[in-house]
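Printed here is run.cif (mmCIF, C-alpha atoms and all ligand atoms):
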data_my_file
loop_
_atom_site.label_atom_id
_atom_site.label_comp_id
_atom_site.auth_asym_id
_atom_site.auth_seq_id
_atom_site.Cartn_x
_atom_site.Cartn_y
_atom_site.Cartn_z
CA MET R 111 83.06 -37.70 47.18
CA SER R 112 86.69 -37.65 48.21
CA GLU R 113 86.98 -41.22 46.78
CA LEU R 114 85.71 -39.94 43.49
CA ARG R 115 88.24 -37.12 43.57
CA SER R 116 91.11 -39.46 44.39
CA ALA R 117 89.98 -41.81 41.60
CA ILE R 118 90.10 -38.90 39.18
CA GLU R 119 93.52 -37.91 40.46
CA SER R 120 94.81 -41.44 39.84
CA PHE R 121 93.46 -41.31 36.26
CA GLN R 122 95.25 -38.02 35.78
CA ALA R 123 98.51 -39.62 36.86
CA ASP R 124 98.21 -42.37 34.20
CA ASP R 125 100.78 -42.21 31.42
CA LEU R 126 98.58 -42.78 28.36
CA ARG R 127 101.51 -43.17 25.98
CA ALA R 128 102.46 -46.34 27.80
CA ALA R 129 98.95 -47.84 27.58
CA SER R 130 98.08 -50.40 24.90
CA ASP R 131 95.37 -49.67 22.28
CA GLU R 132 93.03 -52.18 23.90
CA GLN R 133 93.61 -50.69 27.33
CA LEU R 134 92.91 -47.14 26.03
CA GLU R 135 89.67 -48.16 24.35
CA ALA R 136 88.48 -50.16 27.35
CA ASP R 137 89.24 -47.17 29.60
CA PHE R 138 87.34 -44.86 27.30
CA THR R 139 84.29 -47.13 27.34
CA GLU R 140 84.30 -47.31 31.10
CA LEU R 141 84.78 -43.57 31.56
CA GLN R 142 82.02 -42.85 29.04
CA GLN R 143 79.61 -45.01 31.04
CA ALA R 144 80.83 -43.59 34.36
CA CYS R 145 80.27 -40.04 33.08
CA GLN R 146 76.62 -40.86 32.29
CA ALA R 147 76.19 -42.56 35.66
CA LEU R 148 77.66 -39.45 37.31
CA GLU R 149 75.35 -37.29 35.21
CA ALA R 150 72.38 -39.25 36.58
CA GLU R 151 73.57 -38.58 40.11
CA ARG R 152 74.27 -34.91 39.40
CA LEU R 153 70.73 -34.45 38.07
CA ARG R 154 69.22 -36.42 40.97
CA ARG R 155 70.86 -34.00 43.40
CA LEU R 156 69.79 -30.96 41.38
CA SER R 157 66.21 -32.19 41.49
CA GLU R 158 66.41 -32.62 45.26
CA ILE R 159 67.88 -29.12 45.68
CA HIS R 160 65.05 -27.77 43.58
CA ARG R 161 62.48 -29.69 45.64
CA ARG R 162 63.91 -28.39 48.93
CA GLN R 163 64.59 -24.89 47.54
CA SER R 164 67.67 -25.02 49.76
CA HIS R 165 69.25 -22.13 47.81
CA ARG R 166 66.75 -19.80 49.49
CA ARG R 167 69.02 -19.92 52.53
CA ASP R 168 71.43 -17.72 50.59
CA GLY R 169 68.72 -15.48 49.24
CA TYR R 170 68.41 -16.97 45.73
CA LEU R 171 64.82 -16.70 44.62
CA THR R 172 64.96 -19.52 42.07
CA THR R 173 67.01 -22.62 41.42
CA ALA R 174 67.92 -21.12 38.03
CA SER R 175 69.39 -17.94 39.57
CA TRP R 176 71.40 -20.12 41.96
CA LEU R 177 72.77 -22.18 39.03
CA VAL R 178 73.58 -19.05 37.04
CA ASP R 179 75.38 -17.31 39.89
CA ARG R 180 77.07 -20.19 41.68
CA HIS R 181 77.85 -22.45 38.74
CA ARG R 182 78.16 -19.85 35.97
CA LEU R 183 75.55 -21.42 33.65
CA GLY R 184 73.66 -19.34 31.11
CA TRP R 185 69.99 -18.72 31.89
CA SER R 186 68.62 -21.00 29.20
CA ALA R 187 71.08 -23.78 30.08
CA ALA R 188 70.10 -23.44 33.75
CA SER R 189 66.39 -23.78 32.94
CA ARG R 190 67.08 -26.77 30.73
CA GLU R 191 69.09 -28.50 33.46
CA ILE R 192 66.30 -28.03 36.00
CA ARG R 193 63.68 -29.20 33.51
CA THR R 194 65.74 -32.31 32.74
CA ALA R 195 66.41 -33.05 36.41
CA ARG R 196 62.74 -32.76 37.34
CA SER R 197 61.52 -34.74 34.34
CA LEU R 198 63.98 -37.51 35.08
CA GLU R 199 62.29 -38.10 38.44
CA ARG R 200 59.19 -39.17 36.51
CA MET R 201 61.08 -41.23 33.93
CA PRO R 202 62.10 -44.40 35.81
CA ARG R 203 63.33 -46.41 32.79
CA THR R 204 65.32 -43.47 31.45
CA LYS R 205 66.85 -42.81 34.84
CA GLU R 206 67.84 -46.46 35.15
CA ALA R 207 69.47 -46.53 31.71
CA LEU R 208 71.35 -43.31 32.45
CA ALA R 209 72.58 -44.65 35.81
CA THR R 210 74.02 -47.78 34.15
CA GLY R 211 75.74 -45.59 31.57
CA GLU R 212 73.71 -46.91 28.63
CA LEU R 213 72.23 -43.56 27.66
CA THR R 214 74.08 -40.57 26.22
CA SER R 215 73.29 -36.99 27.20
CA SER R 216 71.83 -36.19 23.78
CA ALA R 217 69.57 -39.25 23.97
CA LEU R 218 68.49 -38.10 27.42
CA HIS R 219 67.54 -34.66 26.10
CA MET R 220 65.51 -36.16 23.27
CA LEU R 221 63.59 -38.38 25.68
CA VAL R 222 62.90 -35.42 27.99
CA TRP R 223 61.68 -33.44 24.97
CA ALA R 224 59.33 -36.30 24.05
CA ARG R 225 57.95 -36.56 27.57
CA GLN R 226 57.31 -32.84 27.82
CA ALA R 227 55.16 -32.93 24.70
CA HIS R 228 53.01 -35.89 25.74
CA PRO R 229 53.59 -36.93 29.37
CA ALA R 230 50.77 -39.48 29.59
CA GLN R 231 51.66 -41.24 26.34
CA PHE R 232 55.36 -41.16 27.22
CA ARG R 233 54.66 -43.23 30.31
CA GLN R 234 53.29 -45.98 28.07
CA SER R 235 56.02 -45.72 25.46
CA GLU R 236 59.00 -45.08 27.75
CA GLU R 237 60.29 -48.65 27.77
CA ALA R 238 60.28 -48.94 23.97
CA LEU R 239 61.84 -45.50 23.48
CA VAL R 240 64.62 -46.17 25.99
CA GLU R 241 65.28 -49.51 24.32
CA THR R 242 65.67 -47.71 21.00
CA ALA R 243 67.96 -45.12 22.62
CA ARG R 244 70.18 -47.95 23.91
CA ARG R 245 70.60 -49.47 20.46
CA VAL R 246 70.69 -46.72 17.84
CA PRO R 247 72.88 -43.65 17.27
CA ALA R 248 71.61 -40.15 18.15
CA GLY R 249 70.48 -39.22 14.62
CA GLN R 250 68.30 -42.28 14.26
CA LEU R 251 66.86 -41.81 17.73
CA GLN R 252 65.91 -38.26 16.84
CA ARG R 253 63.95 -39.49 13.81
CA THR R 254 62.18 -42.12 15.90
CA VAL R 255 61.23 -39.62 18.61
CA SER R 256 60.11 -37.05 16.02
CA HIS R 257 57.80 -39.60 14.37
CA TRP R 258 56.43 -40.61 17.73
CA ARG R 259 55.70 -36.98 18.56
CA GLN R 260 54.28 -36.11 15.17
CA LYS R 261 51.77 -38.94 15.33
CA LEU R 262 50.64 -37.89 18.80
CA ASP R 263 50.62 -34.17 17.91
CA TRP R 264 48.36 -35.04 15.00
CA GLU R 265 45.98 -37.07 17.16
CA GLN R 266 46.15 -34.48 19.93
CA GLY R 267 45.54 -31.69 17.43
CA LEU R 268 42.43 -33.45 16.12
CA LYS R 269 41.17 -34.05 19.66
CA ASP R 270 41.77 -30.42 20.62
CA ALA R 271 39.94 -29.22 17.51
CA GLU R 272 37.01 -31.51 18.25
CA ARG R 273 36.89 -30.35 21.88
CA LEU R 274 36.83 -26.76 20.66
CA ARG R 275 34.04 -27.54 18.20
CA GLU R 276 31.96 -29.09 20.98
CA GLN R 277 31.82 -25.67 22.63
CA ARG R 278 30.11 -23.99 19.69
CA ARG R 279 26.83 -22.28 20.51
CA LEU R 280 24.62 -19.49 19.33
CA THR R 281 21.82 -17.97 21.34
CA VAL R 282 19.39 -15.58 19.74
CA SER R 283 16.78 -13.97 21.95
CA THR R 284 14.43 -11.03 21.83
CA THR R 285 14.90 -8.34 24.44
CA LEU R 286 12.22 -6.31 26.21
CA LEU R 287 13.02 -3.39 23.89
CA GLY R 288 12.15 -5.46 20.84
CA MET R 289 15.76 -5.87 19.78
CA VAL R 290 17.22 -9.28 19.02
CA ARG R 291 20.30 -10.23 20.99
CA VAL R 292 22.85 -12.48 19.31
CA ASP R 293 25.53 -14.11 21.41
CA GLY R 294 27.70 -17.11 20.76
CA ASP R 295 30.95 -18.91 20.13
CA LEU R 296 31.55 -20.34 16.68
CA ASP R 297 33.99 -23.09 15.78
CA PRO R 298 36.87 -21.88 13.59
CA GLU R 299 35.34 -23.10 10.34
CA THR R 300 31.89 -21.59 10.91
CA GLY R 301 33.46 -18.42 12.29
CA GLU R 302 35.65 -18.09 9.23
CA THR R 303 32.62 -18.60 6.97
CA MET R 304 30.68 -15.93 8.82
CA LEU R 305 33.56 -13.47 8.81
CA SER R 306 34.13 -14.01 5.10
CA ALA R 307 30.44 -13.49 4.33
CA LEU R 308 30.18 -10.37 6.52
CA ARG R 309 33.41 -8.88 5.19
CA ASP R 310 32.42 -9.51 1.61
CA CYS R 311 28.96 -8.05 2.17
CA MET R 312 30.39 -4.98 3.92
CA ARG R 313 32.98 -4.49 1.20
CA ALA R 314 30.31 -4.64 -1.51
CA ASP R 315 28.22 -2.17 0.50
CA SER R 316 31.03 0.27 1.32
CA SER R 317 32.26 0.36 -2.27
CA ARG R 318 29.21 2.60 -2.85
CA ARG R 319 29.26 4.16 0.56
CA ASP R 320 27.94 7.67 0.39
CA PRO R 321 29.64 10.47 2.35
CA GLY R 322 26.50 10.91 4.43
CA ASP R 323 26.79 7.36 5.74
CA GLN R 324 27.08 7.85 9.50
CA ARG R 325 26.91 4.19 10.47
CA THR R 326 29.53 2.81 12.85
CA ALA R 327 31.47 -0.34 11.95
CA ALA R 328 29.30 -2.31 14.38
CA GLN R 329 26.12 -1.01 12.75
CA ARG R 330 27.40 -1.85 9.30
CA ARG R 331 28.27 -5.36 10.50
CA ALA R 332 24.73 -5.76 11.85
CA ASP R 333 23.29 -4.57 8.52
CA ALA R 334 25.55 -7.01 6.67
CA LEU R 335 24.27 -9.90 8.79
CA GLY R 336 20.71 -8.91 7.87
CA GLU R 337 21.62 -8.74 4.20
CA VAL R 338 23.30 -12.18 4.25
CA CYS R 339 20.23 -13.72 5.92
CA ARG R 340 17.83 -11.94 3.54
CA ARG R 341 19.69 -13.34 0.51
CA TRP R 342 19.29 -16.83 1.99
CA LEU R 343 15.56 -16.30 2.42
CA ASP R 344 15.35 -14.95 -1.13
CA ALA R 345 17.23 -17.93 -2.60
CA PRO R 346 14.85 -19.76 -4.92
CA ASP R 347 16.20 -23.25 -4.31
CA ARG R 348 15.50 -23.54 -0.59
CA PRO R 349 13.57 -26.56 0.66
CA LEU R 350 9.85 -26.18 1.19
CA VAL R 351 8.28 -26.33 4.64
CA CYS R 352 4.55 -27.15 4.61
CA GLY R 353 4.43 -26.36 0.92
CA GLU R 354 6.14 -23.01 1.08
CA ARG R 355 9.51 -21.45 1.76
CA PRO R 356 9.61 -19.80 5.19
CA HIS R 357 10.09 -16.05 5.01
CA VAL R 358 9.66 -13.00 7.18
CA ALA R 359 6.09 -13.19 8.42
CA VAL R 360 4.07 -10.22 9.59
CA ILE R 361 0.76 -10.12 11.39
CA VAL R 362 -0.96 -6.83 10.84
CA ASP R 363 -4.49 -5.49 10.87
CA LEU R 364 -5.80 -3.44 7.99
CA GLU R 365 -5.97 -0.19 9.94
CA ALA R 366 -2.28 -0.38 10.77
CA LEU R 367 -1.40 -1.24 7.20
CA GLU R 368 -3.47 1.65 5.89
CA GLY R 369 -1.39 3.97 8.05
CA ARG R 370 -4.17 4.54 10.55
CA ALA R 371 -3.60 3.59 14.15
CA GLY R 372 -4.16 -0.14 14.19
CA ARG R 373 -4.00 -2.59 16.99
CA ARG R 374 -1.72 -5.21 15.58
CA SER R 375 1.50 -4.80 13.77
CA GLU R 376 3.88 -7.61 14.59
CA LEU R 377 6.71 -9.65 13.23
CA ASP R 378 6.25 -13.35 13.77
CA HIS R 379 9.30 -13.96 16.01
CA VAL R 380 10.15 -10.53 17.35
CA GLY R 381 6.71 -9.21 18.29
CA PRO R 382 5.29 -5.70 17.97
CA VAL R 383 7.01 -3.26 15.61
CA HIS R 384 6.01 0.16 14.32
CA PRO R 385 3.31 -0.06 11.61
CA GLU R 386 5.50 1.92 9.20
CA ILE R 387 8.09 -0.88 9.35
CA VAL R 388 5.37 -3.34 8.37
CA ARG R 389 4.27 -1.02 5.56
CA ARG R 390 7.81 -1.01 4.23
CA LEU R 391 8.21 -4.77 4.59
CA SER R 392 4.94 -5.34 2.77
CA CYS R 393 5.85 -2.83 0.04
CA ASP R 394 7.92 -5.35 -1.89
CA ALA R 395 8.12 -8.56 -0.02
CA SER R 396 7.86 -12.21 -0.42
CA LEU R 397 6.34 -12.42 3.01
CA THR R 398 3.57 -14.34 4.65
CA ARG R 399 0.82 -11.94 5.48
CA VAL R 400 -1.75 -12.64 8.10
CA VAL R 401 -3.94 -9.61 7.84
CA THR R 402 -6.56 -9.49 10.53
CA ARG R 403 -9.59 -7.35 11.05
CA GLY R 404 -9.89 -6.68 14.74
CA ARG R 405 -8.14 -8.97 17.13
CA SER R 406 -9.00 -12.44 16.00
CA GLU R 407 -10.60 -12.55 12.60
CA PRO R 408 -8.00 -13.37 9.94
CA LEU R 409 -8.76 -11.79 6.60
CA ASP R 410 -5.99 -13.14 4.52
CA VAL R 411 -3.94 -15.97 5.92
CA GLY R 412 -1.52 -15.39 3.14
CA ARG R 413 0.60 -18.10 1.75
CA ARG R 414 3.91 -16.70 0.82
CA THR R 415 2.77 -14.22 -1.76
CA MET R 416 5.06 -12.21 -3.89
CA VAL R 417 3.67 -8.70 -3.60
CA VAL R 418 5.46 -7.78 -6.79
CA PRO R 419 5.34 -10.73 -9.22
CA ALA R 420 8.74 -11.82 -10.51
CA PRO R 421 8.24 -10.76 -14.18
CA MET R 422 7.07 -7.29 -13.12
CA ARG R 423 10.02 -6.99 -10.76
CA ARG R 424 12.38 -7.91 -13.61
CA ALA R 425 10.81 -5.20 -15.76
CA VAL R 426 11.34 -2.60 -13.00
CA VAL R 427 14.95 -3.79 -12.59
CA VAL R 428 15.60 -3.45 -16.33
CA ARG R 429 14.01 -0.01 -16.38
CA ASP R 430 15.68 1.43 -13.21
CA GLY R 431 18.98 -0.51 -13.25
CA HIS R 432 19.86 0.49 -9.67
CA CYS R 433 18.47 2.37 -6.68
CA ARG R 434 16.79 5.51 -8.02
CA PHE R 435 17.43 7.68 -4.96
CA PRO R 436 19.50 10.68 -6.11
CA GLY R 437 23.20 9.86 -6.01
CA CYS R 438 22.79 6.14 -5.28
CA ASP R 439 23.76 3.28 -7.56
CA ARG R 440 23.29 0.19 -5.40
CA PRO R 441 22.49 -2.66 -7.78
CA PRO R 442 19.20 -4.62 -7.83
CA PRO R 443 20.15 -7.38 -5.33
CA TRP R 444 20.35 -4.65 -2.66
CA CYS R 445 17.03 -3.14 -3.69
CA ASP R 446 13.29 -3.41 -3.05
CA ALA R 447 10.58 -2.33 -5.47
CA HIS R 448 8.85 0.47 -3.58
CA HIS R 449 5.16 1.20 -4.18
CA VAL R 450 5.00 4.94 -4.69
CA LYS R 451 1.37 4.68 -3.57
CA HIS R 452 1.21 1.76 -1.12
CA TRP R 453 -1.06 -1.09 -2.20
CA ALA R 454 -2.80 -0.85 1.18
CA ASP R 455 -3.83 2.67 0.21
CA GLY R 456 -5.19 1.46 -3.13
CA GLY R 457 -1.95 1.86 -5.06
CA GLU R 458 -1.61 -0.36 -8.08
CA THR R 459 1.06 -3.04 -8.26
CA ALA R 460 2.22 -1.99 -11.71
CA ALA R 461 5.58 -0.91 -13.07
CA SER R 462 4.28 2.65 -13.32
CA ASN R 463 3.73 2.73 -9.53
CA LEU R 464 7.02 1.00 -8.61
CA VAL R 465 10.51 2.39 -8.16
CA LEU R 466 13.69 0.54 -7.26
CA LEU R 467 15.13 1.65 -3.90
CA CYS R 468 18.02 0.12 -1.99
CA ARG R 469 17.25 -1.11 1.52
CA ARG R 470 18.70 2.01 3.16
CA HIS R 471 16.87 4.47 0.92
CA HIS R 472 13.69 2.44 1.14
CA ARG R 473 13.92 2.93 4.89
CA LEU R 474 14.58 6.67 4.42
CA VAL R 475 11.46 6.98 2.31
CA HIS R 476 9.23 5.05 4.72
CA GLU R 477 10.62 6.01 8.09
CA GLY R 478 13.01 8.89 7.37
CA GLY R 479 10.53 11.52 6.19
CA PHE R 480 11.55 11.56 2.51
CA ARG R 481 8.83 11.23 -0.12
CA VAL R 482 8.79 10.01 -3.66
CA GLU R 483 6.26 10.90 -6.33
CA ILE R 484 5.96 10.02 -9.98
CA GLU R 485 6.00 12.99 -12.28
CA ALA R 486 5.77 12.48 -16.02
CA GLY R 487 6.78 8.85 -15.56
CA ARG R 488 9.91 9.74 -13.55
CA PRO R 489 10.40 9.51 -9.78
CA ARG R 490 10.76 12.80 -7.94
CA PHE R 491 12.23 12.82 -4.44
CA LEU R 492 11.14 15.35 -1.83
CA ARG R 493 12.59 16.26 1.54
CA ARG R 494 10.51 16.41 4.69
CA ASP R 495 9.93 20.13 4.12
CA GLY R 496 8.62 19.47 0.61
CA SER R 497 11.71 20.82 -1.20
CA ARG R 498 12.91 18.79 -4.12
CA LEU R 499 16.07 16.66 -4.12
CA GLU R 500 18.00 17.35 -7.28
CA GLU R 501 18.67 14.30 -9.35
CA MET R 502 22.36 13.59 -9.23
CA ALA R 503 24.25 11.25 -11.45
CA PRO R 504 25.17 8.16 -9.48
CA PRO R 505 28.84 8.11 -8.36
ZN ZN R 601 8.16 1.04 0.09
ZN ZN R 602 19.91 3.80 -2.54
#

Encoded form using structure tokens:
Amino acid sequence: MSELRSAIESFQADDLRAASDEQLEADFTELQQACQALEAERLRRLSEIHRRQSHRRDGYLTTASWLVDRHRLGWSAASREIRTARSLERMPRTKEALATGELTSSALHMLVWARQAHPAQFRQSEEALVETARRVPAGQLQRTVSHWRQKLDWEQGLKDAERLREQRRLTVSTTLLGMVRVDGDLDPETGETMLSALRDCMRADSSRRDPGDQRTAAQRRADALGEVCRRWLDAPDRPLVCGERPHVAVIVDLEALEGRAGRRSELDHVGPVHPEIVRRLSCDASLTRVVTRGRSEPLDVGRRTMVVPAPMRRAVVVRDGHCRFPGCDRPPPWCDAHHVKHWADGGETAASNLVLLCRRHHRLVHEGGFRVEIEAGRPRFLRRDGSRLEEMAPP
């Protein structure tokens, strides 16, 4: 080291005004290369200090804090120096070129930047990149390295996306309580589709949200999922399976359907449900009925039958326009045609016995204790205690 210092001192003693142009330029070239060679050695020592953590002797917790305090570097410069020094240990070609003075500091930083982005690919491309760095000016090298990175980022990005997609899954299972548990991870595209559909469905629903709506956000999301799936099942252009379009299937015996205590009242996939739920589902449904008498004797292995034929449904829609429950204006796609007197109890499937009710009010009428009667051709809604709900204009 003292030789280095005395060499520097002898340079400092040179009288540059006396030197020829050629001499000056040759000196500059040599010093430029020597500086880079010295830089390589400086970084090699920094890397070794970092490896040994020798600064801990003086109580410095990190190499960066040692550089900041002892050598008055800024924090970000200190981190960059350490990063460069450590990277260089794994960049043999770059190190070599720097040691022979063929690489500038800015070229070195660009190569370190490239390696940090794609270490494995850099190992394969190092020779070519260093060769470019030897030949071209900094600006051109930056373009070359940027292209190299962009191409790999693109490929890496695609690979990452594909790896993410591979992890997609959805499990749907019934629980002992008769609920259906949904759990899964969706790839970004499917997730986005689902979120858009749910949000749109919830927005359409909440635009006519009544003040009495006590549902939580999670409950409304669950309802929206049901609505989205129901619309798919109701879509007329779905492919046929065994000659019909699969739909919600119920297995029920006549006693249960007639509102007497029956033995069977089940949904095909979920299992037993309350008979009143089956009564509601069969009120206006395009469902597959398997009505049994007793345990094993099927009465009506129903193909998918429309309980309310499409033309009659259209007539009810034209007549009612929206849900007829007082104060509600949910439009027909959200509605069922409710049999005022259930067909299982001998009620007629005719427009005069049908009234349009949205899914939530249909549930209120079947399972919530409200009643509806037809009086002089108009529906009349009654509370559980028999008092009459006044007809309100829809909001
Ligand atoms: Zn009904
Ligand atoms: Zn309604």

With ligand ZN 601 (chain R) as the partner and 6 Å as the cut-off, tabulate the residues of chain R that qualify, each row holding the nearest pair of atoms and their distance in Å to one decimal, using only C-alpha atoms and all ligand atoms, sorted by chain and rising number, as a Markdown table.
| residue | atom | partner | partner_atom | distance |
| --- | --- | --- | --- | --- |
| R:Arg390 | CA | R:ZN601 | ZN | 4.6 |
| R:Cys393 | CA | R:ZN601 | ZN | 4.5 |
| R:His448 | CA | R:ZN601 | ZN | 3.8 |
| R:His449 | CA | R:ZN601 | ZN | 5.2 |
| R:His472 | CA | R:ZN601 | ZN | 5.8 |

Using all atoms listed in the file, what table do you get, as a Markdown table, when you list each residue of chain R with an atom no more than 10 Å from ligand ZN 602 (chain R), its nearest pair of atoms, and their distance in Å rounded to one decimal, rows by chain then rising number?
| residue | atom | partner | partner_atom | distance |
| --- | --- | --- | --- | --- |
| R:Arg318 | CA | R:ZN602 | ZN | 9.4 |
| R:Arg319 | CA | R:ZN602 | ZN | 9.9 |
| R:Asp320 | CA | R:ZN602 | ZN | 9.4 |
| R:His432 | CA | R:ZN602 | ZN | 7.9 |
| R:Cys433 | CA | R:ZN602 | ZN | 4.6 |
| R:Arg434 | CA | R:ZN602 | ZN | 6.5 |
| R:Phe435 | CA | R:ZN602 | ZN | 5.2 |
| R:Pro436 | CA | R:ZN602 | ZN | 7.8 |
| R:Gly437 | CA | R:ZN602 | ZN | 7.7 |
| R:Cys438 | CA | R:ZN602 | ZN | 4.6 |
| R:Asp439 | CA | R:ZN602 | ZN | 6.3 |
| R:Arg440 | CA | R:ZN602 | ZN | 5.7 |
| R:Pro441 | CA | R:ZN602 | ZN | 8.7 |
| R:Pro442 | CA | R:ZN602 | ZN | 10.0 |
| R:Trp444 | CA | R:ZN602 | ZN | 8.5 |
| R:Cys445 | CA | R:ZN602 | ZN | 7.6 |
| R:Asp446 | CA | R:ZN602 | ZN | 9.8 |
| R:Leu466 | CA | R:ZN602 | ZN | 8.5 |
| R:Leu467 | CA | R:ZN602 | ZN | 5.4 |
| R:Cys468 | CA | R:ZN602 | ZN | 4.2 |
| R:Arg469 | CA | R:ZN602 | ZN | 6.9 |
| R:Arg470 | CA | R:ZN602 | ZN | 6.1 |
| R:His471 | CA | R:ZN602 | ZN | 4.7 |
| R:His472 | CA | R:ZN602 | ZN | 7.4 |
| R:Arg473 | CA | R:ZN602 | ZN | 9.6 |
| R:Leu474 | CA | R:ZN602 | ZN | 9.2 |
| R:Pro504 | CA | R:ZN602 | ZN | 9.7 |

(message) Report, in Å to a single decimal, how far apart atom CA of Pro229 of chain R and atom CA of Leu262 of chain R are.
(response)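 Interatomic distance here is 11.0 Å.
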
(request) Point out the residue among R:Val338, R:Ala328, R:Met289, R:Ala209 with the least atom-to-atom distance to Leu377 of chain R, counting all atoms listed in the file. (result)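 Closest residue, counting all atoms listed in the file: R:Met289.
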
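Taking atom CA of Arg291 of chain R and atom CA of Ala327 of chain R as the two end points, the separation is 17.4 Å.
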
(message) Please determine, counting all atoms listed in the file, which residue among R:Thr214, R:Thr303, R:Thr204, R:Ser462 has the shortest atom-to-atom distance to Phe232 of chain R.
(response) R:Thr204

(request) Measuring atom to atom with only C-alpha atoms, identify which of R:Ala174, R:Ala366, R:Ala224, R:Ala123 is nearest to Ser392 of chain R. (result)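 Of R:Ala174, R:Ala366, R:Ala224, R:Ala123, the one nearest Ser392 of chain R is R:Ala366, counting only C-alpha atoms.
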
Excluding same-chain residues fewer than 6 positions from segment 251-259 of chain R, what lies within 12 Å of it counting all atoms listed in the file, as a PDB file with C-alpha atoms, keeping the file's coordinate frame?
ATOM      1  CA  LEU R 213      72.230 -43.560  27.660  1.00  0.00           C
ATOM      2  CA  THR R 214      74.080 -40.570  26.220  1.00  0.00           C
ATOM      3  CA  SER R 216      71.830 -36.190  23.780  1.00  0.00           C
ATOM      4  CA  ALA R 217      69.570 -39.250  23.970  1.00  0.00           C
ATOM      5  CA  LEU R 218      68.490 -38.100  27.420  1.00  0.00           C
ATOM      6  CA  HIS R 219      67.540 -34.660  26.100  1.00  0.00           C
ATOM      7  CA  MET R 220      65.510 -36.160  23.270  1.00  0.00           C
ATOM      8  CA  LEU R 221      63.590 -38.380  25.680  1.00  0.00           C
ATOM      9  CA  VAL R 222      62.900 -35.420  27.990  1.00  0.00           C
ATOM     10  CA  TRP R 223      61.680 -33.440  24.970  1.00  0.00           C
ATOM     11  CA  ALA R 224      59.330 -36.300  24.050  1.00  0.00           C
ATOM     12  CA  ARG R 225      57.950 -36.560  27.570  1.00  0.00           C
ATOM     13  CA  GLN R 226      57.310 -32.840  27.820  1.00  0.00           C
ATOM     14  CA  ALA R 227      55.160 -32.930  24.700  1.00  0.00           C
ATOM     15  CA  HIS R 228      53.010 -35.890  25.740  1.00  0.00           C
ATOM     16  CA  PRO R 229      53.590 -36.930  29.370  1.00  0.00           C
ATOM     17  CA  GLN R 231      51.660 -41.240  26.340  1.00  0.00           C
ATOM     18  CA  PHE R 232      55.360 -41.160  27.220  1.00  0.00           C
ATOM     19  CA  SER R 235      56.020 -45.720  25.460  1.00  0.00           C
ATOM     20  CA  GLU R 236      59.000 -45.080  27.750  1.00  0.00           C
ATOM     21  CA  ALA R 238      60.280 -48.940  23.970  1.00  0.00           C
ATOM     22  CA  LEU R 239      61.840 -45.500  23.480  1.00  0.00           C
ATOM     23  CA  VAL R 240      64.620 -46.170  25.990  1.00  0.00           C
ATOM     24  CA  GLU R 241      65.280 -49.510  24.320  1.00  0.00           C
ATOM     25  CA  THR R 242      65.670 -47.710  21.000  1.00  0.00           C
ATOM     26  CA  ALA R 243      67.960 -45.120  22.620  1.00  0.00           C
ATOM     27  CA  ARG R 244      70.180 -47.950  23.910  1.00  0.00           C
ATOM     28  CA  ARG R 245      70.600 -49.470  20.460  1.00  0.00           C
ATOM     29  CA  GLU R 265      45.980 -37.070  17.160  1.00  0.00           C
ATOM     30  CA  GLN R 266      46.150 -34.480  19.930  1.00  0.00           C
ATOM     31  CA  GLY R 267      45.540 -31.690  17.430  1.00  0.00           C
TER      32      GLY R 267
END

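For the atom pair formed by atom CA of Ala188 of chain R and atom CA of Glu140 of chain R, the distance is 27.9 Å, given to one decimal.
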
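The closest residue to Ala486 of chain R, picked from R:Ile361, R:Asn463, R:Asp394, R:Gln122 and counting all atoms listed in the file, is R:Asn463.
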
(request) Please provide as a ChimeraX atom specification all residues within 12 Å of Ala271 of chain R, with the sequence filter that same-chain residues fewer than 6 positions apart are discarded (counting all atoms listed in the file). (result) /R:263-265,277-278,297-299

Residues proximal to (65.7, -18.1, 40.7) were defined as those with any atom within 10 Å of that point in the file's coordinates, counting only C-alpha atoms. Which are they, as a compact mmCIF listing (two decimals) with C-alpha atoms, in the coordinates of the input?
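New file selection04.txt:
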# COMPACT_ATOMS: atom_id res chain seq x y z
CA GLN R 163 64.59 -24.89 47.54
CA HIS R 165 69.25 -22.13 47.81
CA ARG R 166 66.75 -19.80 49.49
CA GLY R 169 68.72 -15.48 49.24
CA TYR R 170 68.41 -16.97 45.73
CA LEU R 171 64.82 -16.70 44.62
CA THR R 172 64.96 -19.52 42.07
CA THR R 173 67.01 -22.62 41.42
CA ALA R 174 67.92 -21.12 38.03
CA SER R 175 69.39 -17.94 39.57
CA TRP R 176 71.40 -20.12 41.96
CA LEU R 177 72.77 -22.18 39.03
CA VAL R 178 73.58 -19.05 37.04
CA ASP R 179 75.38 -17.31 39.89
CA TRP R 185 69.99 -18.72 31.89
CA ALA R 188 70.10 -23.44 33.75
CA SER R 189 66.39 -23.78 32.94

(request) Would you mind listing what lies within 10 Å of His384 of chain R as a PyMOL selection string, with only C-alpha atoms counted and same-chain residues fewer than 5 positions away left out? (result) chain R and resi 366+374-377+389+477

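Shortest separation to Leu364 of chain R among R:Asp455, R:Leu183, R:Gly496, R:Glu151 occurs at residue R:Asp455, atoms counted being only C-alpha atoms.
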
(request) Measuring atom to atom with all atoms listed in the file, identify which of R:Pro385, R:Pro419, R:Gly301, R:Pro346 is nearest to Val362 of chain R. (result)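 Looking at the shortest contact to Val362 of chain R, the residue is R:Pro385.
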
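Summary of the local environment: counting all atoms listed in the file, residues at most 10 Å from Arg331 of chain R, other than itself and those fewer than 2 positions away along its chain, are Leu305, Leu308, Arg309, Cys311, Met312, Arg325, Thr326, Ala327, Ala328, Gln329, Asp333, Ala334, Leu335, Gly336 and Glu337 of chain R.
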